[in-house]
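Asker: Below you'll find the structure I mean.
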Amino acid sequence: MSRKLLAFLLTELKTVRVICKECKTTTEVDIERLADVTDSTDTVHCHSCKKRFYQISKPGDNPFGKLADAIHALQSDAIKADVEFIIPDDSATAN
Ligand SMILES: [Zn+2]
């Protein structure tokens, strides 16, 4: 039995797909713009159903901004390690 894995480095990540849990509409966002998914722009809402993606309880609680900050910090040359994501492909075990 074999198991295939899909692996990619954090440095290869250029775009994230934001999927509305309400209506399943997807929006692709360049990670350079991910922090812009805040109350200061209209991207805090789903473009289709207008559902808010999150509620901020206090400044700095924007989860998209936190993700963007973490990605940028880990992609920095100051970090002497690479981060790799592993996604198992369970369909390969059916053989
Ligand atoms: Zn929606």
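Going through the structure tokens in order, the chains are called A, B, and so on, while each chain numbers its residues from 1 and the ligands are numbered from 1 in the order shown.
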Residues of chain A in alpha helix (DSSP H) according to DSSP, as number ranges by chain?

Answerer: A: 63-75

Asker: Apply DSSP to the structure's backbone, then extract all residues of chain A labelled strand (DSSP E) and return them as JSON, numbers by chain.

Answerer: {"A": [4, 5, 6, 7, 8, 9, 15, 16, 17, 18, 19, 26, 27, 28, 29, 30, 84, 85, 86, 87, 88, 89]}

Asker: Please check which protein, DNA or RNA residues sit within 8 Å of ligand 1, counting only C-alpha atoms and all ligand atoms, and write them as number ranges by chain.

Answerer: A: 19-25, 45-51

Asker: Deliver the residues from the most recent selection as a file, using all heavy atoms, as an mmCIF file, in the first residue's frame.

Answerer:
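In the end it all went to out.cif:
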data_model
loop_
_atom_site.group_PDB
_atom_site.id
_atom_site.type_symbol
_atom_site.label_atom_id
_atom_site.label_comp_id
_atom_site.auth_asym_id
_atom_site.auth_seq_id
_atom_site.Cartn_x
_atom_site.Cartn_y
_atom_site.Cartn_z
ATOM 1 N N ILE A 19 -13.185 31.109 1.021
ATOM 2 C CA ILE A 19 -14.452 30.478 0.640
ATOM 3 C C ILE A 19 -15.513 30.852 1.669
ATOM 4 O O ILE A 19 -15.370 30.562 2.858
ATOM 5 C CB ILE A 19 -14.298 28.942 0.583
ATOM 6 C CG1 ILE A 19 -13.160 28.564 -0.360
ATOM 7 C CG2 ILE A 19 -15.618 28.293 0.155
ATOM 8 C CD1 ILE A 19 -12.690 27.122 -0.207
ATOM 9 N N CYS A 20 -16.560 31.488 1.203
ATOM 10 C CA CYS A 20 -17.669 31.862 2.087
ATOM 11 C C CYS A 20 -18.357 30.594 2.581
ATOM 12 O O CYS A 20 -18.757 29.751 1.772
ATOM 13 C CB CYS A 20 -18.661 32.756 1.337
ATOM 14 S SG CYS A 20 -20.124 33.167 2.313
ATOM 15 N N LYS A 21 -18.483 30.451 3.895
ATOM 16 C CA LYS A 21 -19.141 29.270 4.454
ATOM 17 C C LYS A 21 -20.648 29.307 4.256
ATOM 18 O O LYS A 21 -21.312 28.295 4.386
ATOM 19 C CB LYS A 21 -18.834 29.142 5.948
ATOM 20 C CG LYS A 21 -17.401 28.740 6.242
ATOM 21 C CD LYS A 21 -17.185 28.559 7.730
ATOM 22 C CE LYS A 21 -15.796 28.059 8.038
ATOM 23 N NZ LYS A 21 -15.578 27.928 9.493
ATOM 24 N N GLU A 22 -21.175 30.494 3.960
ATOM 25 C CA GLU A 22 -22.616 30.641 3.779
ATOM 26 C C GLU A 22 -23.055 30.205 2.378
ATOM 27 O O GLU A 22 -23.962 29.406 2.233
ATOM 28 C CB GLU A 22 -23.011 32.101 4.015
ATOM 29 C CG GLU A 22 -24.498 32.327 4.130
ATOM 30 C CD GLU A 22 -25.051 31.813 5.442
ATOM 31 O OE1 GLU A 22 -24.271 31.643 6.407
ATOM 32 O OE2 GLU A 22 -26.265 31.558 5.502
ATOM 33 N N CYS A 23 -22.396 30.741 1.345
ATOM 34 C CA CYS A 23 -22.870 30.503 -0.029
ATOM 35 C C CYS A 23 -21.821 29.817 -0.914
ATOM 36 O O CYS A 23 -22.080 29.553 -2.077
ATOM 37 C CB CYS A 23 -23.298 31.822 -0.666
ATOM 38 S SG CYS A 23 -21.914 32.923 -1.055
ATOM 39 N N LYS A 24 -20.636 29.531 -0.328
ATOM 40 C CA LYS A 24 -19.551 28.813 -1.024
ATOM 41 C C LYS A 24 -18.871 29.613 -2.135
ATOM 42 O O LYS A 24 -18.088 29.059 -2.906
ATOM 43 C CB LYS A 24 -20.017 27.463 -1.596
ATOM 44 C CG LYS A 24 -20.746 26.585 -0.611
ATOM 45 C CD LYS A 24 -19.912 26.255 0.587
ATOM 46 C CE LYS A 24 -20.639 25.311 1.540
ATOM 47 N NZ LYS A 24 -20.179 25.425 2.900
ATOM 48 N N THR A 25 -19.178 30.905 -2.251
ATOM 49 C CA THR A 25 -18.486 31.748 -3.222
ATOM 50 C C THR A 25 -17.009 31.837 -2.829
ATOM 51 O O THR A 25 -16.675 31.962 -1.653
ATOM 52 C CB THR A 25 -19.098 33.164 -3.238
ATOM 53 O OG1 THR A 25 -20.428 33.075 -3.714
ATOM 54 C CG2 THR A 25 -18.304 34.107 -4.147
ATOM 55 N N HIS A 45 -16.654 41.375 3.714
ATOM 56 C CA HIS A 45 -17.915 40.710 3.409
ATOM 57 C C HIS A 45 -17.757 39.805 2.194
ATOM 58 O O HIS A 45 -16.950 40.067 1.314
ATOM 59 C CB HIS A 45 -19.000 41.744 3.068
ATOM 60 C CG HIS A 45 -19.399 42.610 4.198
ATOM 61 N ND1 HIS A 45 -18.859 43.853 4.400
ATOM 62 C CD2 HIS A 45 -20.273 42.413 5.194
ATOM 63 C CE1 HIS A 45 -19.404 44.401 5.475
ATOM 64 N NE2 HIS A 45 -20.255 43.545 5.985
ATOM 65 N N CYS A 46 -18.585 38.769 2.140
ATOM 66 C CA CYS A 46 -18.679 37.960 0.936
ATOM 67 C C CYS A 46 -19.233 38.846 -0.179
ATOM 68 O O CYS A 46 -20.216 39.568 0.014
ATOM 69 C CB CYS A 46 -19.611 36.777 1.191
ATOM 70 S SG CYS A 46 -19.992 35.830 -0.294
ATOM 71 N N HIS A 47 -18.602 38.798 -1.330
ATOM 72 C CA HIS A 47 -19.057 39.630 -2.451
ATOM 73 C C HIS A 47 -20.411 39.178 -2.978
ATOM 74 O O HIS A 47 -21.140 39.953 -3.582
ATOM 75 C CB HIS A 47 -18.034 39.602 -3.593
ATOM 76 C CG HIS A 47 -16.759 40.270 -3.255
ATOM 77 N ND1 HIS A 47 -16.648 41.636 -3.101
ATOM 78 C CD2 HIS A 47 -15.527 39.784 -3.010
ATOM 79 C CE1 HIS A 47 -15.411 41.953 -2.792
ATOM 80 N NE2 HIS A 47 -14.703 40.835 -2.721
ATOM 81 N N SER A 48 -20.755 37.919 -2.720
ATOM 82 C CA SER A 48 -21.997 37.382 -3.257
ATOM 83 C C SER A 48 -23.178 37.567 -2.298
ATOM 84 O O SER A 48 -24.150 38.231 -2.618
ATOM 85 C CB SER A 48 -21.810 35.904 -3.596
ATOM 86 O OG SER A 48 -22.984 35.383 -4.140
ATOM 87 N N CYS A 49 -23.086 36.993 -1.100
ATOM 88 C CA CYS A 49 -24.219 37.015 -0.170
ATOM 89 C C CYS A 49 -24.105 38.110 0.884
ATOM 90 O O CYS A 49 -25.025 38.298 1.679
ATOM 91 C CB CYS A 49 -24.381 35.653 0.503
ATOM 92 S SG CYS A 49 -23.104 35.263 1.723
ATOM 93 N N LYS A 50 -22.971 38.812 0.900
ATOM 94 C CA LYS A 50 -22.720 39.941 1.816
ATOM 95 C C LYS A 50 -22.561 39.522 3.276
ATOM 96 O O LYS A 50 -22.548 40.359 4.166
ATOM 97 C CB LYS A 50 -23.823 41.012 1.718
ATOM 98 C CG LYS A 50 -24.092 41.497 0.300
ATOM 99 C CD LYS A 50 -22.853 42.066 -0.338
ATOM 100 C CE LYS A 50 -23.152 42.566 -1.754
ATOM 101 N NZ LYS A 50 -21.938 42.795 -2.526
ATOM 102 N N LYS A 51 -22.437 38.213 3.545
ATOM 103 C CA LYS A 51 -22.205 37.740 4.914
ATOM 104 C C LYS A 51 -20.828 38.216 5.384
ATOM 105 O O LYS A 51 -19.844 38.138 4.640
ATOM 106 C CB LYS A 51 -22.266 36.204 4.926
ATOM 107 C CG LYS A 51 -22.068 35.571 6.272
ATOM 108 C CD LYS A 51 -23.361 35.504 7.019
ATOM 109 C CE LYS A 51 -23.203 34.703 8.305
ATOM 110 N NZ LYS A 51 -24.453 34.660 9.058
#

Asker: Quick one: residues within 6 Å of range 29-31 of chain A, only C-alpha atoms counted, chain neighbours fewer than 4 positions away excluded, as a ChimeraX atom specification?

Answerer: /A:14-16

Asker: What does the distance from CA of Pro88 in chain A to CA of Ala7 in chain A come to in Å, to one decimal?

Answerer: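 CA of Ala7 in chain A lies at a distance of 8.5 Å from CA of Pro88 in chain A.
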
Asker: Pick the closest to Val83 in chain A from A:Ala70, A:Asn62, A:Glu32, A:Arg3: which is it, counting only C-alpha atoms?

Answerer: A:Ala70

Asker: Could you check how far CA of Val18 in chain A sits from CA of Tyr54 in chain A, in Å to one decimal?

Answerer: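 CA of Tyr54 in chain A lies at a distance of 12.2 Å from CA of Val18 in chain A.
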
Asker: Pick out the closest residue to Ser91 in chain A from this set: A:Leu67, A:Ala35, A:Leu6, A:Ile56. Count only C-alpha atoms.

Answerer: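 Answer, going by the shortest atom-to-atom distance: A:Leu6.
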
Asker: Quick check, in Å to one decimal: how far apart do CA of Ser76 in chain A and CA of Glu12 in chain A lie?

Answerer: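 One can read the CA of Ser76 in chain A to CA of Glu12 in chain A distance as 12.8 Å.
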
Asker: Identify, on the basis of only C-alpha atoms, every residue whose closest approach to Phe85 in chain A does not exceed 8 Å; exclude the query and any residue fewer than 4 positions from it along the same chain; express the result as a VMD selection string.

Answerer: chain A and resid 7 to 10

Asker: Got a sec: who's within 12 Å of Ile79 in chain A, counting only C-alpha atoms, leaving out chain neighbours fewer than 6 positions off, as JSON, numbers by chain?

Answerer: {"A": [11, 70, 71, 72, 73]}
